[in-house]
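K.L.:
Next comes structure-v9.cif, mmCIF, C-alpha atoms:
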data_protein
#
loop_
_atom_site.group_PDB
_atom_site.id
_atom_site.type_symbol
_atom_site.label_atom_id
_atom_site.label_comp_id
_atom_site.auth_asym_id
_atom_site.auth_seq_id
_atom_site.Cartn_x
_atom_site.Cartn_y
_atom_site.Cartn_z
ATOM 1 C CA MET A 1 5.483 10.007 -1.737
ATOM 2 C CA THR A 2 8.412 11.407 -3.683
ATOM 3 C CA GLY A 3 8.627 12.947 -7.087
ATOM 4 C CA GLN A 4 11.085 14.731 -9.299
ATOM 5 C CA GLY A 5 9.969 16.799 -12.235
ATOM 6 C CA ASP A 6 7.080 15.077 -13.961
ATOM 7 C CA TYR A 7 7.073 11.731 -12.187
ATOM 8 C CA CYS A 8 6.092 10.406 -8.779
ATOM 9 C CA LEU A 9 6.600 7.063 -7.064
ATOM 10 C CA ALA A 10 3.671 5.128 -5.595
ATOM 11 C CA PRO A 11 5.244 2.899 -2.919
ATOM 12 C CA ALA A 12 3.848 -0.377 -1.642
ATOM 13 C CA LYS A 13 1.849 -0.101 1.586
ATOM 14 C CA ILE A 14 2.550 -2.700 4.281
ATOM 15 C CA ASN A 15 0.164 -3.378 7.163
ATOM 16 C CA LEU A 16 2.438 -4.536 9.983
ATOM 17 C CA PHE A 17 -0.716 -5.473 11.884
ATOM 18 C CA LEU A 18 -4.393 -5.034 11.080
ATOM 19 C CA HIS A 19 -7.002 -5.343 13.820
ATOM 20 C CA VAL A 20 -10.632 -5.233 12.730
ATOM 21 C CA GLY A 21 -13.491 -3.961 14.893
ATOM 22 C CA GLU A 22 -17.213 -3.732 14.394
ATOM 23 C CA LYS A 23 -18.906 -3.008 11.082
ATOM 24 C CA ARG A 24 -20.311 0.509 10.806
ATOM 25 C CA ASP A 25 -23.698 1.543 9.456
ATOM 26 C CA GLU A 26 -22.228 2.718 6.151
ATOM 27 C CA GLY A 27 -20.660 -0.702 5.567
ATOM 28 C CA TYR A 28 -17.045 0.009 6.513
ATOM 29 C CA HIS A 29 -15.298 -1.638 9.469
ATOM 30 C CA ASN A 30 -13.530 0.108 12.325
ATOM 31 C CA LEU A 31 -9.899 -0.917 12.345
ATOM 32 C CA SER A 32 -6.480 -0.234 13.785
ATOM 33 C CA THR A 33 -3.432 -0.793 11.631
ATOM 34 C CA LEU A 34 0.232 0.162 11.710
ATOM 35 C CA ILE A 35 1.315 1.072 8.197
ATOM 36 C CA VAL A 36 4.756 1.525 6.703
ATOM 37 C CA PHE A 37 5.804 1.805 3.072
ATOM 38 C CA ALA A 38 8.378 -0.026 0.968
ATOM 39 C CA ASP A 39 10.435 1.225 -1.953
ATOM 40 C CA ALA A 40 8.923 -1.397 -4.264
ATOM 41 C CA ALA A 41 6.721 0.984 -6.206
ATOM 42 C CA ASP A 42 4.598 1.875 -9.192
ATOM 43 C CA ARG A 43 5.680 4.993 -11.103
ATOM 44 C CA LEU A 44 3.474 7.810 -12.387
ATOM 45 C CA SER A 45 4.622 10.224 -15.061
ATOM 46 C CA LEU A 46 2.867 12.568 -17.467
ATOM 47 C CA MET A 47 3.139 14.421 -20.725
ATOM 48 C CA PRO A 48 1.012 17.175 -22.334
ATOM 49 C CA ASN A 49 -2.068 15.947 -24.201
ATOM 50 C CA ASP A 50 -5.223 17.406 -25.727
ATOM 51 C CA HIS A 51 -7.418 15.418 -23.331
ATOM 52 C CA LEU A 52 -7.015 13.733 -19.951
ATOM 53 C CA SER A 53 -6.013 10.118 -20.543
ATOM 54 C CA LEU A 54 -4.164 7.191 -18.998
ATOM 55 C CA ARG A 55 -1.668 4.773 -20.502
ATOM 56 C CA ILE A 56 -0.624 1.739 -18.448
ATOM 57 C CA ILE A 57 2.711 0.013 -18.985
ATOM 58 C CA GLY A 58 4.899 -2.273 -16.906
ATOM 59 C CA PRO A 59 4.866 -5.930 -15.838
ATOM 60 C CA PHE A 60 1.342 -5.826 -14.365
ATOM 61 C CA ALA A 61 -0.279 -3.599 -16.987
ATOM 62 C CA ALA A 62 -2.363 -6.457 -18.387
ATOM 63 C CA SER A 63 -4.043 -6.909 -14.998
ATOM 64 C CA LEU A 64 -5.684 -3.500 -15.410
ATOM 65 C CA SER A 65 -6.559 -3.760 -19.085
ATOM 66 C CA SER A 66 -10.232 -4.551 -18.379
ATOM 67 C CA GLU A 67 -10.779 -1.590 -16.026
ATOM 68 C CA LEU A 68 -13.032 0.993 -17.647
ATOM 69 C CA ASP A 69 -12.347 3.735 -15.101
ATOM 70 C CA ASN A 70 -9.043 3.393 -13.285
ATOM 71 C CA ILE A 71 -8.631 5.118 -9.904
ATOM 72 C CA VAL A 72 -5.781 7.155 -11.392
ATOM 73 C CA LEU A 73 -8.232 8.833 -13.766
ATOM 74 C CA LYS A 74 -10.731 9.314 -10.940
ATOM 75 C CA ALA A 75 -8.049 11.065 -8.895
ATOM 76 C CA ALA A 76 -7.038 13.238 -11.830
ATOM 77 C CA ARG A 77 -10.616 14.286 -12.533
ATOM 78 C CA ALA A 78 -11.288 15.050 -8.866
ATOM 79 C CA LEU A 79 -8.242 17.329 -8.646
ATOM 80 C CA LYS A 80 -9.026 18.962 -11.991
ATOM 81 C CA LEU A 81 -12.521 19.767 -10.716
ATOM 82 C CA TRP A 82 -11.022 21.316 -7.556
ATOM 83 C CA ALA A 83 -8.797 23.489 -9.738
ATOM 84 C CA GLN A 84 -11.582 24.545 -12.109
ATOM 85 C CA GLN A 85 -13.863 25.523 -9.237
ATOM 86 C CA ARG A 86 -11.152 27.922 -8.095
ATOM 87 C CA ASP A 87 -10.292 29.232 -11.573
ATOM 88 C CA HIS A 88 -6.870 27.588 -11.645
ATOM 89 C CA GLN A 89 -5.428 26.294 -14.893
ATOM 90 C CA ALA A 90 -5.321 22.504 -15.163
ATOM 91 C CA PRO A 91 -4.260 21.644 -18.727
ATOM 92 C CA SER A 92 -5.013 18.113 -19.898
ATOM 93 C CA VAL A 93 -2.248 15.524 -19.740
ATOM 94 C CA GLU A 94 -1.616 11.905 -20.547
ATOM 95 C CA LEU A 95 -0.780 10.027 -17.365
ATOM 96 C CA ILE A 96 1.566 7.057 -17.710
ATOM 97 C CA LEU A 97 1.269 4.431 -14.987
ATOM 98 C CA GLU A 98 4.165 1.989 -14.835
ATOM 99 C CA LYS A 99 2.488 -0.878 -12.985
ATOM 100 C CA ASN A 100 5.242 -2.726 -11.133
ATOM 101 C CA LEU A 101 3.158 -3.969 -8.183
ATOM 102 C CA PRO A 102 0.655 -6.825 -8.450
ATOM 103 C CA VAL A 103 -3.025 -5.870 -8.548
ATOM 104 C CA ALA A 104 -5.533 -6.681 -5.757
ATOM 105 C CA SER A 105 -2.629 -7.814 -3.613
ATOM 106 C CA GLY A 106 -3.028 -6.141 -0.215
ATOM 107 C CA ILE A 107 -0.239 -3.589 -0.600
ATOM 108 C CA GLY A 108 -2.359 -0.605 -1.564
ATOM 109 C CA GLY A 109 -1.314 -0.388 -5.192
ATOM 110 C CA GLY A 110 -4.440 1.387 -6.434
ATOM 111 C CA SER A 111 -4.631 3.729 -3.455
ATOM 112 C CA SER A 112 -0.942 4.558 -3.722
ATOM 113 C CA ASP A 113 -1.359 5.181 -7.466
ATOM 114 C CA ALA A 114 -4.218 7.596 -6.723
ATOM 115 C CA ALA A 115 -2.135 9.402 -4.104
ATOM 116 C CA ALA A 116 0.803 9.685 -6.492
ATOM 117 C CA THR A 117 -1.549 11.116 -9.135
ATOM 118 C CA LEU A 118 -2.789 13.802 -6.743
ATOM 119 C CA HIS A 119 0.758 14.755 -5.743
ATOM 120 C CA LEU A 120 2.035 14.752 -9.320
ATOM 121 C CA LEU A 121 -0.789 16.836 -10.769
ATOM 122 C CA ALA A 122 -0.886 19.277 -7.841
ATOM 123 C CA GLN A 123 2.789 19.949 -8.508
ATOM 124 C CA HIS A 124 2.462 19.993 -12.300
ATOM 125 C CA TRP A 125 -0.482 22.402 -12.205
ATOM 126 C CA ALA A 126 1.136 24.471 -9.419
ATOM 127 C CA LEU A 127 -2.059 24.309 -7.373
ATOM 128 C CA PRO A 128 -2.195 26.185 -4.045
ATOM 129 C CA ILE A 129 -3.900 23.264 -2.365
ATOM 130 C CA HIS A 130 -3.443 22.595 1.346
ATOM 131 C CA SER A 131 -2.513 19.091 2.461
ATOM 132 C CA ASP A 132 -5.801 18.808 4.378
ATOM 133 C CA GLU A 133 -7.750 19.496 1.171
ATOM 134 C CA LEU A 134 -5.685 16.922 -0.684
ATOM 135 C CA GLN A 135 -6.469 14.444 2.092
ATOM 136 C CA MET A 136 -10.211 15.095 1.731
ATOM 137 C CA ILE A 137 -10.051 14.516 -2.014
ATOM 138 C CA GLY A 138 -8.112 11.328 -1.332
ATOM 139 C CA LEU A 139 -10.659 10.050 1.183
ATOM 140 C CA GLY A 140 -13.368 10.513 -1.440
ATOM 141 C CA LEU A 141 -11.434 8.094 -3.652
ATOM 142 C CA GLY A 142 -10.855 5.386 -1.047
ATOM 143 C CA ALA A 143 -10.175 4.819 2.640
ATOM 144 C CA ASP A 144 -6.473 4.031 2.073
ATOM 145 C CA VAL A 145 -5.658 7.028 -0.132
ATOM 146 C CA PRO A 146 -5.079 9.530 2.726
ATOM 147 C CA VAL A 147 -2.399 7.399 4.369
ATOM 148 C CA CYS A 148 -0.811 6.794 0.962
ATOM 149 C CA LEU A 149 -0.619 10.558 0.483
ATOM 150 C CA ARG A 150 1.657 10.598 3.546
ATOM 151 C CA SER A 151 3.722 7.510 2.639
ATOM 152 C CA ALA A 152 5.272 7.512 6.125
ATOM 153 C CA PRO A 153 4.862 5.295 9.215
ATOM 154 C CA THR A 154 1.323 5.839 10.461
ATOM 155 C CA LEU A 155 -1.137 4.341 12.916
ATOM 156 C CA ALA A 156 -4.498 4.410 11.135
ATOM 157 C CA SER A 157 -7.838 4.005 12.868
ATOM 158 C CA GLY A 158 -11.513 4.717 12.224
ATOM 159 C CA ILE A 159 -12.093 3.314 8.748
ATOM 160 C CA GLY A 160 -8.521 4.278 7.940
ATOM 161 C CA GLU A 161 -9.046 8.037 7.857
ATOM 162 C CA VAL A 162 -7.794 8.852 11.395
ATOM 163 C CA LEU A 163 -4.035 9.080 10.963
ATOM 164 C CA ALA A 164 -1.392 9.401 13.671
ATOM 165 C CA PRO A 165 2.286 9.661 12.607
ATOM 166 C CA ILE A 166 4.586 7.161 14.301
ATOM 167 C CA ASP A 167 8.181 8.176 14.969
ATOM 168 C CA ASN A 168 11.313 6.310 16.017
ATOM 169 C CA LEU A 169 10.567 3.005 14.363
ATOM 170 C CA PRO A 170 13.690 0.911 13.793
ATOM 171 C CA GLU A 171 15.092 0.614 10.298
ATOM 172 C CA MET A 172 13.279 -2.220 8.546
ATOM 173 C CA PHE A 173 13.891 -4.318 5.483
ATOM 174 C CA PHE A 174 11.412 -6.587 3.764
ATOM 175 C CA VAL A 175 10.771 -9.344 1.326
ATOM 176 C CA LEU A 176 7.434 -8.961 -0.439
ATOM 177 C CA ALA A 177 6.052 -12.159 -1.946
ATOM 178 C CA ASN A 178 2.846 -12.643 -3.904
ATOM 179 C CA PRO A 179 1.722 -15.907 -5.545
ATOM 180 C CA ARG A 180 0.113 -13.948 -8.405
ATOM 181 C CA VAL A 181 -3.368 -14.601 -7.061
ATOM 182 C CA ALA A 182 -5.736 -11.625 -6.846
ATOM 183 C CA VAL A 183 -7.731 -11.389 -3.616
ATOM 184 C CA PRO A 184 -10.648 -8.902 -3.718
ATOM 185 C CA THR A 185 -10.757 -6.762 -0.583
ATOM 186 C CA SER A 186 -14.551 -6.751 -0.467
ATOM 187 C CA VAL A 187 -14.678 -10.553 -0.495
ATOM 188 C CA VAL A 188 -12.222 -10.805 2.399
ATOM 189 C CA PHE A 189 -13.948 -8.203 4.572
ATOM 190 C CA SER A 190 -17.343 -9.810 3.976
ATOM 191 C CA ALA A 191 -15.946 -13.132 5.215
ATOM 192 C CA VAL A 192 -14.475 -11.803 8.485
ATOM 193 C CA THR A 193 -16.026 -13.742 11.368
ATOM 194 C CA VAL A 194 -13.443 -13.254 14.146
ATOM 195 C CA ARG A 195 -12.507 -9.655 14.995
ATOM 196 C CA THR A 196 -9.700 -8.858 17.408
ATOM 197 C CA GLY A 197 -11.109 -5.369 17.901
ATOM 198 C CA ALA A 198 -9.757 -2.058 16.702
ATOM 199 C CA PHE A 199 -6.939 -1.656 19.222
ATOM 200 C CA ALA A 200 -3.239 -0.856 18.944
ATOM 201 C CA PRO A 201 -0.521 -2.283 21.208
ATOM 202 C CA ALA A 202 1.773 0.001 23.175
ATOM 203 C CA LEU A 203 4.812 0.965 21.118
ATOM 204 C CA PRO A 204 7.716 1.766 23.480
ATOM 205 C CA ALA A 205 9.803 4.775 22.531
ATOM 206 C CA LYS A 206 13.091 2.899 22.403
ATOM 207 C CA ARG A 207 13.341 -0.375 20.575
ATOM 208 C CA ASN A 208 15.607 -2.224 18.157
ATOM 209 C CA ILE A 209 14.357 -4.277 15.230
ATOM 210 C CA ARG A 210 14.225 -7.526 17.201
ATOM 211 C CA GLU A 211 12.332 -5.950 20.086
ATOM 212 C CA PHE A 212 9.966 -4.385 17.589
ATOM 213 C CA ALA A 213 9.429 -7.730 15.844
ATOM 214 C CA ALA A 214 8.543 -9.258 19.233
ATOM 215 C CA ILE A 215 5.917 -6.526 19.761
ATOM 216 C CA LEU A 216 4.476 -7.208 16.311
ATOM 217 C CA ASP A 217 4.441 -10.945 16.996
ATOM 218 C CA ALA A 218 1.824 -10.300 19.680
ATOM 219 C CA THR A 219 -0.464 -8.695 17.105
ATOM 220 C CA ILE A 220 -2.372 -10.152 14.144
ATOM 221 C CA ASN A 221 -3.911 -9.457 10.766
ATOM 222 C CA ASP A 222 -7.600 -10.257 11.215
ATOM 223 C CA LEU A 223 -8.040 -10.483 7.446
ATOM 224 C CA ALA A 224 -5.549 -13.323 7.080
ATOM 225 C CA ALA A 225 -7.935 -16.160 7.981
ATOM 226 C CA PRO A 226 -10.661 -15.271 5.442
ATOM 227 C CA ALA A 227 -8.032 -14.488 2.794
ATOM 228 C CA LYS A 228 -6.400 -17.884 3.305
ATOM 229 C CA SER A 229 -9.792 -19.541 2.965
ATOM 230 C CA PHE A 230 -10.184 -17.772 -0.395
ATOM 231 C CA ALA A 231 -6.580 -18.435 -1.482
ATOM 232 C CA PRO A 232 -4.898 -21.225 0.548
ATOM 233 C CA VAL A 233 -1.615 -20.613 -1.298
ATOM 234 C CA ILE A 234 -1.101 -17.616 1.035
ATOM 235 C CA MET A 235 -0.138 -20.115 3.752
ATOM 236 C CA ARG A 236 2.626 -21.463 1.518
ATOM 237 C CA VAL A 237 3.926 -17.955 0.932
ATOM 238 C CA GLU A 238 4.092 -17.271 4.679
ATOM 239 C CA GLN A 239 5.834 -20.598 5.274
ATOM 240 C CA ALA A 240 8.403 -19.847 2.558
ATOM 241 C CA LEU A 241 9.240 -16.531 4.251
ATOM 242 C CA VAL A 242 9.470 -18.087 7.721
ATOM 243 C CA ALA A 243 11.922 -20.678 6.379
ATOM 244 C CA THR A 244 14.445 -18.069 5.199
ATOM 245 C CA ASP A 245 17.490 -17.105 7.260
ATOM 246 C CA GLY A 246 17.054 -13.927 9.269
ATOM 247 C CA CYS A 247 13.273 -13.658 8.996
ATOM 248 C CA LEU A 248 12.044 -11.949 12.177
ATOM 249 C CA LEU A 249 8.350 -12.009 11.284
ATOM 250 C CA ALA A 250 6.223 -13.192 8.366
ATOM 251 C CA ARG A 251 2.646 -12.052 7.846
ATOM 252 C CA MET A 252 0.071 -11.240 5.200
ATOM 253 C CA SER A 253 -0.378 -7.555 4.404
ATOM 254 C CA GLY A 254 -3.789 -5.941 4.068
ATOM 255 C CA SER A 255 -6.367 -8.234 2.511
ATOM 256 C CA GLY A 256 -3.693 -10.312 0.721
ATOM 257 C CA ALA A 257 -2.372 -12.159 -1.056
ATOM 258 C CA THR A 258 0.986 -10.403 -0.639
ATOM 259 C CA CYS A 259 2.956 -11.438 2.433
ATOM 260 C CA PHE A 260 5.973 -9.723 3.903
ATOM 261 C CA GLY A 261 8.991 -10.976 5.764
ATOM 262 C CA LEU A 262 10.743 -8.587 8.146
ATOM 263 C CA TYR A 263 14.559 -8.564 8.272
ATOM 264 C CA ALA A 264 17.290 -6.647 10.075
ATOM 265 C CA SER A 265 19.335 -5.872 6.946
ATOM 266 C CA TYR A 266 18.874 -5.440 3.218
ATOM 267 C CA GLU A 267 21.479 -8.136 2.619
ATOM 268 C CA ALA A 268 19.413 -10.659 4.587
ATOM 269 C CA ALA A 269 16.254 -9.625 2.733
ATOM 270 C CA SER A 270 17.980 -9.858 -0.644
ATOM 271 C CA GLU A 271 19.337 -13.341 0.068
ATOM 272 C CA ALA A 272 15.910 -14.469 1.280
ATOM 273 C CA ALA A 273 14.242 -13.128 -1.856
ATOM 274 C CA GLN A 274 16.719 -14.976 -4.044
ATOM 275 C CA SER A 275 16.080 -18.205 -2.146
ATOM 276 C CA ILE A 276 12.293 -17.937 -2.461
ATOM 277 C CA THR A 277 12.512 -17.017 -6.141
ATOM 278 C CA ALA A 278 14.671 -20.078 -6.805
ATOM 279 C CA SER A 279 12.066 -22.329 -5.155
ATOM 280 C CA HIS A 280 8.993 -20.523 -6.488
ATOM 281 C CA PRO A 281 9.911 -18.846 -9.795
ATOM 282 C CA GLN A 282 6.244 -18.311 -10.631
ATOM 283 C CA TRP A 283 5.702 -15.964 -7.655
ATOM 284 C CA TRP A 284 6.359 -12.217 -7.578
ATOM 285 C CA VAL A 285 9.134 -11.724 -5.026
ATOM 286 C CA THR A 286 11.243 -8.666 -4.266
ATOM 287 C CA PRO A 287 13.463 -7.365 -1.471
ATOM 288 C CA ALA A 288 12.630 -3.852 -0.315
ATOM 289 C CA ARG A 289 13.786 -1.069 1.930
ATOM 290 C CA GLN A 290 11.508 1.023 4.083
ATOM 291 C CA PHE A 291 10.240 4.060 2.151
ATOM 292 C CA PRO A 292 11.325 6.793 1.946
ATOM 293 C CA VAL A 293 14.914 5.624 1.642
ATOM 294 C CA ILE A 294 17.183 7.994 3.575
#
Just dump the structure as structure tokens.
P.N.:
Amino acid sequence: MTGQGDYCLAPAKINLFLHVGEKRDEGYHNLSTLIVFADAADRLSLMPNDHLSLRIIGPFAASLSSELDNIVLKAARALKLWAQQRDHQAPSVELILEKNLPVASGIGGGSSDAAATLHLLAQHWALPIHSDELQMIGLGLGADVPVCLRSAPTLASGIGEVLAPIDNLPEMFFVLANPRVAVPTSVVFSAVTVRTGAFAPALPAKRNIREFAAILDATINDLAAPAKSFAPVIMRVEQALVATDGCLLARMSGSGATCFGLYASYEAASEAAQSITASHPQWWVTPARQFPVI
């Protein structure tokens, strides 16, 4: 998560694999997932206002127009309450969400937006809040918010709240492709019938991008089958990625419908994105670098 002044980026979250275990008593599933982030991102900014409010702009703003209580506002109110309970000033602002990522698409857009809101307001209000406290607030908003607060390669387990940083991953480049079909996470999880189990493969310390892709090829996204039953077009998206030159791996991210292709260079990813866009102009397609960009 990066910001400068009064804005913060909310990068796309990519599940390189997602193994689902048993359902817990509270309704969540145990899982194991390797998460990285891409520089395709929403953007949060703010300006002073007499009351806390949210304005949504950008290419996917209309997708959120019917939401009565966006997670961005929930995050802002939760942090404002933390500040008020400790007698810290938290003046009201208007938050501006530039919605560049498709909604309900398996790349953590809402969770990343919430994380960006927490970072942005903590900085704007100069709050002396520890990262662990910010993580707890994030977890109260959603299981994916804590990892989005990190926005760095992470192995997540439990229900997504047990986070282990992963170092020494090779440099990765992506094509993200979404057929503009929303896939509700709750629907996909409720339809899971085959669970690989919440395990993670061994990740050797030294590896290049092709070796890493081979490791990933032995893993799976357990949510892909139920998501494809809900939206069969996801199979076409995967096939379009596989057909591009230089694609090392193609897979659905999260609960879909966004799929990613993995490439060894940005040039290869950019050419692949152009090819898919030419064949499927109605889809949302973009090349991306691994976030944060160094």
K.L.:
For atom CA of Gly254 of chain A and atom CA of Gly106 of chain A, determine how far apart the two atoms are, in Å to one decimal place.
P.N.:
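Rounded to one decimal, the two atoms are 4.4 Å apart.
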K.L.:
Any idea what the distance is between atom CA of Asp87 of chain A and atom CA of Trp125 of chain A?
P.N.:
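Interatomic distance here is 12.0 Å.
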K.L.:
What is the distance, in Å and to one decimal place, between atom CA of Ala122 of chain A and atom CA of Ala164 of chain A?
P.N.:
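According to the coordinates, atom CA of Ala122 of chain A and atom CA of Ala164 of chain A are separated by 23.7 Å.
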K.L.:
Write out as a PDB file with C-alpha atoms, keeping the file's coordinate frame the residues lying within 9 Å of Asn70 of chain A, counting only C-alpha atoms and excluding same-chain residues fewer than 4 positions away.
P.N.:
ATOM      1  CA  LEU A  54      -4.164   7.191 -18.998  1.00  0.00           C
ATOM      2  CA  LEU A  64      -5.684  -3.500 -15.410  1.00  0.00           C
ATOM      3  CA  LYS A  74     -10.731   9.314 -10.940  1.00  0.00           C
ATOM      4  CA  ALA A  75      -8.049  11.065  -8.895  1.00  0.00           C
ATOM      5  CA  GLY A 110      -4.440   1.387  -6.434  1.00  0.00           C
TER       6      GLY A 110
END
K.L.:
Taking only C-alpha atoms into account, which of A:Phe60, A:Phe173, A:Phe17, A:Phe37 comes nearest Ser270 of chain A?
P.N.:
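Selected residue with least distance to Ser270 of chain A: A:Phe173.
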